[in-house]
$ cat query23.cif   # mmCIF, C-alpha atoms; chains and numbers go by the auth columns
data_target
loop_
_atom_site.group_PDB
_atom_site.id
_atom_site.type_symbol
_atom_site.label_atom_id
_atom_site.label_comp_id
_atom_site.label_asym_id
_atom_site.label_seq_id
_atom_site.Cartn_x
_atom_site.Cartn_y
_atom_site.Cartn_z
_atom_site.B_iso_or_equiv
_atom_site.auth_seq_id
_atom_site.auth_asym_id
ATOM 1 C CA MET A 1 103.984 123.652 65.238 0.00 1 X
ATOM 2 C CA PRO A 2 100.592 122.763 66.749 0.00 2 X
ATOM 3 C CA LYS A 3 97.502 124.233 65.084 0.00 3 X
ATOM 4 C CA ASP A 4 96.032 125.283 68.420 0.00 4 X
ATOM 5 C CA PRO A 5 97.223 125.253 72.039 0.00 5 X
ATOM 6 C CA SER A 6 95.150 122.178 72.944 0.00 6 X
ATOM 7 C CA GLU A 7 97.302 120.012 70.673 0.00 7 X
ATOM 8 C CA SER A 8 100.318 120.638 72.910 0.00 8 X
ATOM 9 C CA LEU A 9 98.361 119.231 75.854 0.00 9 X
ATOM 10 C CA VAL A 10 97.865 115.916 74.079 0.00 10 X
ATOM 11 C CA ARG A 11 101.607 115.733 73.459 0.00 11 X
ATOM 12 C CA SER A 12 102.464 116.279 77.101 0.00 12 X
ATOM 13 C CA LEU A 13 104.233 113.380 78.766 0.00 13 X
ATOM 14 C CA PHE A 14 103.615 111.689 82.055 0.00 14 X
ATOM 15 C CA VAL A 15 106.700 111.153 84.175 0.00 15 X
ATOM 16 C CA ARG A 16 107.232 109.492 87.538 0.00 16 X
ATOM 17 C CA ALA A 17 106.411 111.847 90.363 0.00 17 X
ATOM 18 C CA GLU A 18 109.018 112.820 92.927 0.00 18 X
ATOM 19 C CA ALA A 19 108.541 113.431 96.636 0.00 19 X
ATOM 20 C CA ALA A 20 108.449 117.157 95.871 0.00 20 X
ATOM 21 C CA SER A 21 105.383 116.533 93.696 0.00 21 X
ATOM 22 C CA LEU A 22 103.244 115.768 96.748 0.00 22 X
ATOM 23 C CA PRO A 23 101.997 119.319 97.535 0.00 23 X
ATOM 24 C CA PRO A 24 100.950 120.176 93.952 0.00 24 X
ATOM 25 C CA VAL A 25 99.419 116.704 93.473 0.00 25 X
ATOM 26 C CA ARG A 26 97.406 117.120 96.660 0.00 26 X
ATOM 27 C CA ALA A 27 96.259 120.573 95.513 0.00 27 X
ATOM 28 C CA LEU A 28 95.194 119.194 92.119 0.00 28 X
ATOM 29 C CA LEU A 29 93.267 116.365 93.785 0.00 29 X
ATOM 30 C CA ARG A 30 91.553 118.769 96.192 0.00 30 X
ATOM 31 C CA ASP A 31 90.539 120.986 93.266 0.00 31 X
ATOM 32 C CA ALA A 32 89.121 117.909 91.498 0.00 32 X
ATOM 33 C CA GLY A 33 87.204 116.828 94.604 0.00 33 X
ATOM 34 C CA LEU A 34 89.242 113.636 95.022 0.00 34 X
ATOM 35 C CA PRO A 35 90.607 112.141 98.261 0.00 35 X
ATOM 36 C CA GLU A 36 94.134 113.248 99.131 0.00 36 X
ATOM 37 C CA SER A 37 94.332 113.326 102.907 0.00 37 X
ATOM 38 C CA ASP A 38 96.064 109.937 103.126 0.00 38 X
ATOM 39 C CA LEU A 39 98.764 110.650 100.524 0.00 39 X
ATOM 40 C CA ARG A 40 102.357 110.787 101.712 0.00 40 X
ATOM 41 C CA GLU A 41 105.696 111.261 99.959 0.00 41 X
ATOM 42 C CA GLU A 42 106.219 107.490 99.637 0.00 42 X
ATOM 43 C CA HIS A 43 103.042 107.257 97.547 0.00 43 X
ATOM 44 C CA MET A 44 104.713 109.369 94.869 0.00 44 X
ATOM 45 C CA ASP A 45 106.747 106.285 93.838 0.00 45 X
ATOM 46 C CA ALA A 46 103.581 105.001 92.142 0.00 46 X
ATOM 47 C CA PHE A 47 102.337 108.335 90.794 0.00 47 X
ATOM 48 C CA PHE A 48 102.832 109.924 87.404 0.00 48 X
ATOM 49 C CA VAL A 49 102.417 113.611 86.663 0.00 49 X
ATOM 50 C CA SER A 50 102.213 115.761 83.572 0.00 50 X
ATOM 51 C CA ARG A 51 103.401 119.326 83.297 0.00 51 X
ATOM 52 C CA VAL A 52 102.752 121.727 80.461 0.00 52 X
ATOM 53 C CA GLY A 53 105.420 124.359 80.087 0.00 53 X
ATOM 54 C CA ASP A 54 105.755 126.445 83.236 0.00 54 X
ATOM 55 C CA GLU A 55 102.167 125.789 84.344 0.00 55 X
ATOM 56 C CA GLY A 56 103.156 123.158 86.881 0.00 56 X
ATOM 57 C CA ILE A 57 101.348 119.853 87.261 0.00 57 X
ATOM 58 C CA VAL A 58 98.195 119.742 85.143 0.00 58 X
ATOM 59 C CA ALA A 59 97.408 116.027 85.503 0.00 59 X
ATOM 60 C CA CYS A 60 98.265 113.092 87.718 0.00 60 X
ATOM 61 C CA VAL A 61 97.466 109.439 88.224 0.00 61 X
ATOM 62 C CA GLY A 62 98.394 107.068 91.023 0.00 62 X
ATOM 63 C CA LEU A 63 98.371 103.404 91.848 0.00 63 X
ATOM 64 C CA GLU A 64 98.069 101.510 95.108 0.00 64 X
ATOM 65 C CA ARG A 65 99.143 97.900 94.650 0.00 65 X
ATOM 66 C CA PHE A 66 97.754 94.848 96.441 0.00 66 X
ATOM 67 C CA GLY A 67 99.527 91.877 94.867 0.00 67 X
ATOM 68 C CA ASP A 68 98.303 91.364 91.316 0.00 68 X
ATOM 69 C CA THR A 69 95.363 93.737 91.878 0.00 69 X
ATOM 70 C CA ALA A 70 95.824 97.466 92.158 0.00 70 X
ATOM 71 C CA LEU A 71 93.654 100.407 93.005 0.00 71 X
ATOM 72 C CA LEU A 72 93.848 103.101 90.361 0.00 72 X
ATOM 73 C CA ARG A 73 93.504 106.285 92.293 0.00 73 X
ATOM 74 C CA SER A 74 93.810 109.962 91.884 0.00 74 X
ATOM 75 C CA LEU A 75 93.456 110.291 88.123 0.00 75 X
ATOM 76 C CA ALA A 76 92.897 114.015 87.829 0.00 76 X
ATOM 77 C CA VAL A 77 93.254 116.610 85.088 0.00 77 X
ATOM 78 C CA ARG A 78 93.128 120.290 85.891 0.00 78 X
ATOM 79 C CA ALA A 79 89.768 121.755 84.823 0.00 79 X
ATOM 80 C CA ASP A 80 91.209 124.051 82.160 0.00 80 X
ATOM 81 C CA ALA A 81 93.181 121.169 80.595 0.00 81 X
ATOM 82 C CA ARG A 82 90.318 118.676 80.247 0.00 82 X
ATOM 83 C CA GLY A 83 88.970 117.460 76.935 0.00 83 X
ATOM 84 C CA ASN A 84 92.371 117.159 75.275 0.00 84 X
ATOM 85 C CA GLY A 85 93.174 113.490 75.806 0.00 85 X
ATOM 86 C CA MET A 86 95.201 113.863 78.988 0.00 86 X
ATOM 87 C CA GLY A 87 92.896 111.563 80.949 0.00 87 X
ATOM 88 C CA ASP A 88 93.366 108.869 78.315 0.00 88 X
ATOM 89 C CA GLN A 89 97.109 109.396 78.338 0.00 89 X
ATOM 90 C CA ALA A 90 97.179 109.167 82.144 0.00 90 X
ATOM 91 C CA LEU A 91 95.198 105.929 82.107 0.00 91 X
ATOM 92 C CA GLN A 92 97.361 104.389 79.369 0.00 92 X
ATOM 93 C CA THR A 93 100.507 105.363 81.257 0.00 93 X
ATOM 94 C CA MET A 94 99.231 103.749 84.438 0.00 94 X
ATOM 95 C CA GLU A 95 98.000 100.592 82.698 0.00 95 X
ATOM 96 C CA ALA A 96 101.465 100.085 81.191 0.00 96 X
ATOM 97 C CA PHE A 97 103.156 100.783 84.526 0.00 97 X
ATOM 98 C CA ALA A 98 100.807 98.419 86.386 0.00 98 X
ATOM 99 C CA ALA A 99 101.370 95.637 83.861 0.00 99 X
ATOM 100 C CA SER A 100 105.146 96.085 84.203 0.00 100 X
ATOM 101 C CA LYS A 101 104.751 95.540 87.958 0.00 101 X
ATOM 102 C CA GLY A 102 102.779 92.299 87.570 0.00 102 X
ATOM 103 C CA VAL A 103 99.329 93.788 88.107 0.00 103 X
ATOM 104 C CA HIS A 104 96.573 91.946 86.237 0.00 104 X
ATOM 105 C CA ARG A 105 93.516 93.836 87.466 0.00 105 X
ATOM 106 C CA LEU A 106 92.936 97.522 88.070 0.00 106 X
ATOM 107 C CA CYS A 107 90.023 98.648 90.186 0.00 107 X
ATOM 108 C CA ILE A 108 88.578 102.065 90.931 0.00 108 X
ATOM 109 C CA LEU A 109 85.998 103.787 93.054 0.00 109 X
ATOM 110 C CA THR A 110 84.320 106.766 91.446 0.00 110 X
ATOM 111 C CA THR A 111 81.457 109.083 92.168 0.00 111 X
ATOM 112 C CA THR A 112 81.713 111.141 88.968 0.00 112 X
ATOM 113 C CA ALA A 113 83.731 109.388 86.253 0.00 113 X
ATOM 114 C CA GLU A 114 81.889 106.117 85.589 0.00 114 X
ATOM 115 C CA PRO A 115 81.193 106.967 81.898 0.00 115 X
ATOM 116 C CA PHE A 116 84.877 107.819 81.320 0.00 116 X
ATOM 117 C CA PHE A 117 86.093 104.519 82.744 0.00 117 X
ATOM 118 C CA GLU A 118 83.292 102.436 81.212 0.00 118 X
ATOM 119 C CA ALA A 119 84.233 103.763 77.752 0.00 119 X
ATOM 120 C CA ARG A 120 87.779 102.518 78.413 0.00 120 X
ATOM 121 C CA GLY A 121 86.898 98.950 79.304 0.00 121 X
ATOM 122 C CA PHE A 122 86.155 99.131 83.025 0.00 122 X
ATOM 123 C CA LYS A 123 83.159 97.164 84.273 0.00 123 X
ATOM 124 C CA ARG A 124 81.010 97.698 87.351 0.00 124 X
ATOM 125 C CA CYS A 125 81.383 95.243 90.203 0.00 125 X
ATOM 126 C CA ASP A 126 80.373 94.861 93.799 0.00 126 X
ATOM 127 C CA ARG A 127 83.016 95.988 96.286 0.00 127 X
ATOM 128 C CA THR A 128 82.967 92.529 97.851 0.00 128 X
ATOM 129 C CA ALA A 129 84.169 91.021 94.552 0.00 129 X
ATOM 130 C CA LEU A 130 87.613 92.541 95.076 0.00 130 X
ATOM 131 C CA PRO A 131 90.368 91.031 97.239 0.00 131 X
ATOM 132 C CA ALA A 132 90.138 91.663 100.988 0.00 132 X
ATOM 133 C CA SER A 133 93.421 93.606 100.859 0.00 133 X
ATOM 134 C CA VAL A 134 91.859 96.147 98.474 0.00 134 X
ATOM 135 C CA GLN A 135 88.696 96.340 100.561 0.00 135 X
ATOM 136 C CA ALA A 136 90.858 97.095 103.615 0.00 136 X
ATOM 137 C CA SER A 137 92.513 100.117 101.950 0.00 137 X
ATOM 138 C CA SER A 138 91.762 103.574 103.314 0.00 138 X
ATOM 139 C CA GLU A 139 90.216 104.482 99.974 0.00 139 X
ATOM 140 C CA PHE A 140 87.625 101.713 100.362 0.00 140 X
ATOM 141 C CA LYS A 141 87.166 101.886 104.126 0.00 141 X
ATOM 142 C CA SER A 142 86.826 105.595 104.713 0.00 142 X
ATOM 143 C CA LEU A 143 87.879 108.000 101.981 0.00 143 X
ATOM 144 C CA CYS A 144 85.335 107.150 99.283 0.00 144 X
ATOM 145 C CA PRO A 145 81.651 107.103 100.143 0.00 145 X
ATOM 146 C CA ALA A 146 79.697 103.844 100.114 0.00 146 X
ATOM 147 C CA SER A 147 77.758 105.292 97.175 0.00 147 X
ATOM 148 C CA ALA A 148 80.897 105.327 94.980 0.00 148 X
ATOM 149 C CA VAL A 149 80.734 103.006 91.982 0.00 149 X
ATOM 150 C CA CYS A 150 83.261 100.178 92.072 0.00 150 X
ATOM 151 C CA MET A 151 84.755 99.163 88.709 0.00 151 X
ATOM 152 C CA PHE A 152 87.555 96.933 87.444 0.00 152 X
ATOM 153 C CA LYS A 153 89.511 96.211 84.291 0.00 153 X
ATOM 154 C CA ASP A 154 91.724 93.222 83.575 0.00 154 X
ATOM 155 C CA ILE A 155 94.985 94.196 81.918 0.00 155 X
ATOM 156 C CA PRO A 156 97.362 91.907 80.012 0.00 156 X
#

$ encode --input "query23.cif" --output "structure tokens"
Amino acid sequence: MPKDPSESLVRSLFVRAEAASLPPVRALLRDAGLPESDLREEHMDAFFVSRVGDEGIVACVGLERFGDTALLRSLAVRADARGNGMGDQALQTMEAFAASKGVHRLCILTTTAEPFFEARGFKRCDRTALPASVQASSEFKSLCPASAVCMFKDIP
């Protein structure tokens, strides 16, 4: 039995999202101040979600693939569930998934989470250093502001 409730959050599992996950994922992203207007049901094939008991989705992470480079997007943890390792678990889940799909580089745009990603091996880069296909994504072209920090991480 866990010593305190936060320990159960760390033990939560991330599972592949289903089409029905779209509305709660969008709500979680909106609450976290992340872009969600372009998400559709087919995006859920590359999303993972975590639920804790009957509380619904408390965390999610998504991937948008462009060959062997992918845009890590929509890593969000509900405010009351933060600080318990769920962000790390989400990132580890997505890194393993991306590697299994032949992705060798993950990139992100962030306006608020640079320290989180930097502590986990991501490095700053200029947007123009990424493949044209990534730069042409809606995330890069219109959803994230030009002031967002661009970062990448090579994965084995």

$ resolve_selection --input "query23.cif" --expression "the PyMOL selection byres ((chain X and resi 94-98) around 9)" --output "list in words"
Ala46, Phe47, Phe48, Val61, Gly62, Leu63, Arg65, Asp68, Ala70, Leu72, Gln89, Ala90, Leu91, Gln92, Thr93, Ala99, Ser100, Lys101, Gly102, Val103, His104, Arg105, Leu106 and Ile155 of chain X

$ atom_distance --input "query23.cif" --atom1 "atom CA of X:Asp45" --atom2 "atom CA of X:Ser147"
29.2 Å

$ residues_around --input "query23.cif" --residues "stretch 108-113 of chain X" --least-positions-apart "6" --cutoff "8 Å" --atoms "only C-alpha atoms" --output "list of chain:residue names"
X:Leu71, X:Leu72, X:Arg73, X:Phe140, X:Cys144, X:Ser147, X:Ala148, X:Val149, X:Cys150, X:Met151, X:Phe152

$ atom_distance --input "query23.cif" --atom1 "atom CA of X:Lys141" --atom2 "atom CA of X:Glu42"
20.4 Å

$ residues_around --input "query23.cif" --residues "X:Ser50" --least-positions-apart "6" --cutoff "9 Å" --atoms "only C-alpha atoms" --output "list in words"
Ser12, Leu13, Phe14, Val15, Arg16, Ala17, Gly56, Ile57, Val58, Ala59, Cys60, Met86 and Ala90 of chain X

$ residues_around --input "query23.cif" --residues "X:Leu34" --least-positions-apart "5" --cutoff "9 Å" --atoms "all atoms listed in the file" --output "count of residues only"
7

$ closest_residue --input "query23.cif" --among "X:Thr128, X:Ser37, X:Ser138, X:Asn84" --to "X:Leu22" --atoms "only C-alpha atoms"
X:Ser37

$ closest_residue --input "query23.cif" --among "X:Arg78, X:Gly85, X:His43, X:Gly121" --to "X:Ala27" --atoms "all atoms listed in the file"
X:Arg78

$ atom_distance --input "query23.cif" --atom1 "atom CA of X:Asp88" --atom2 "atom CA of X:Phe117"
9.6 Å

$ closest_residue --input "query23.cif" --among "X:Val49, X:Ala32, X:Ala20, X:Leu39" --to "X:Glu64" --atoms "all atoms listed in the file"
X:Leu39

$ axis_aligned_box --input "query23.cif" --around "stretch 40-55 of chain X" --padding-each-side "6 Å" --output "JSON"
{"center_x": 104.5, "center_y": 115.7, "center_z": 90.9, "size_x": 16.6, "size_y": 33.4, "size_z": 33.6}

$ closest_residue --input "query23.cif" --among "X:Phe66, X:Ala81, X:Ser21, X:Gly87" --to "X:Leu130" --atoms "all atoms listed in the file"
X:Phe66
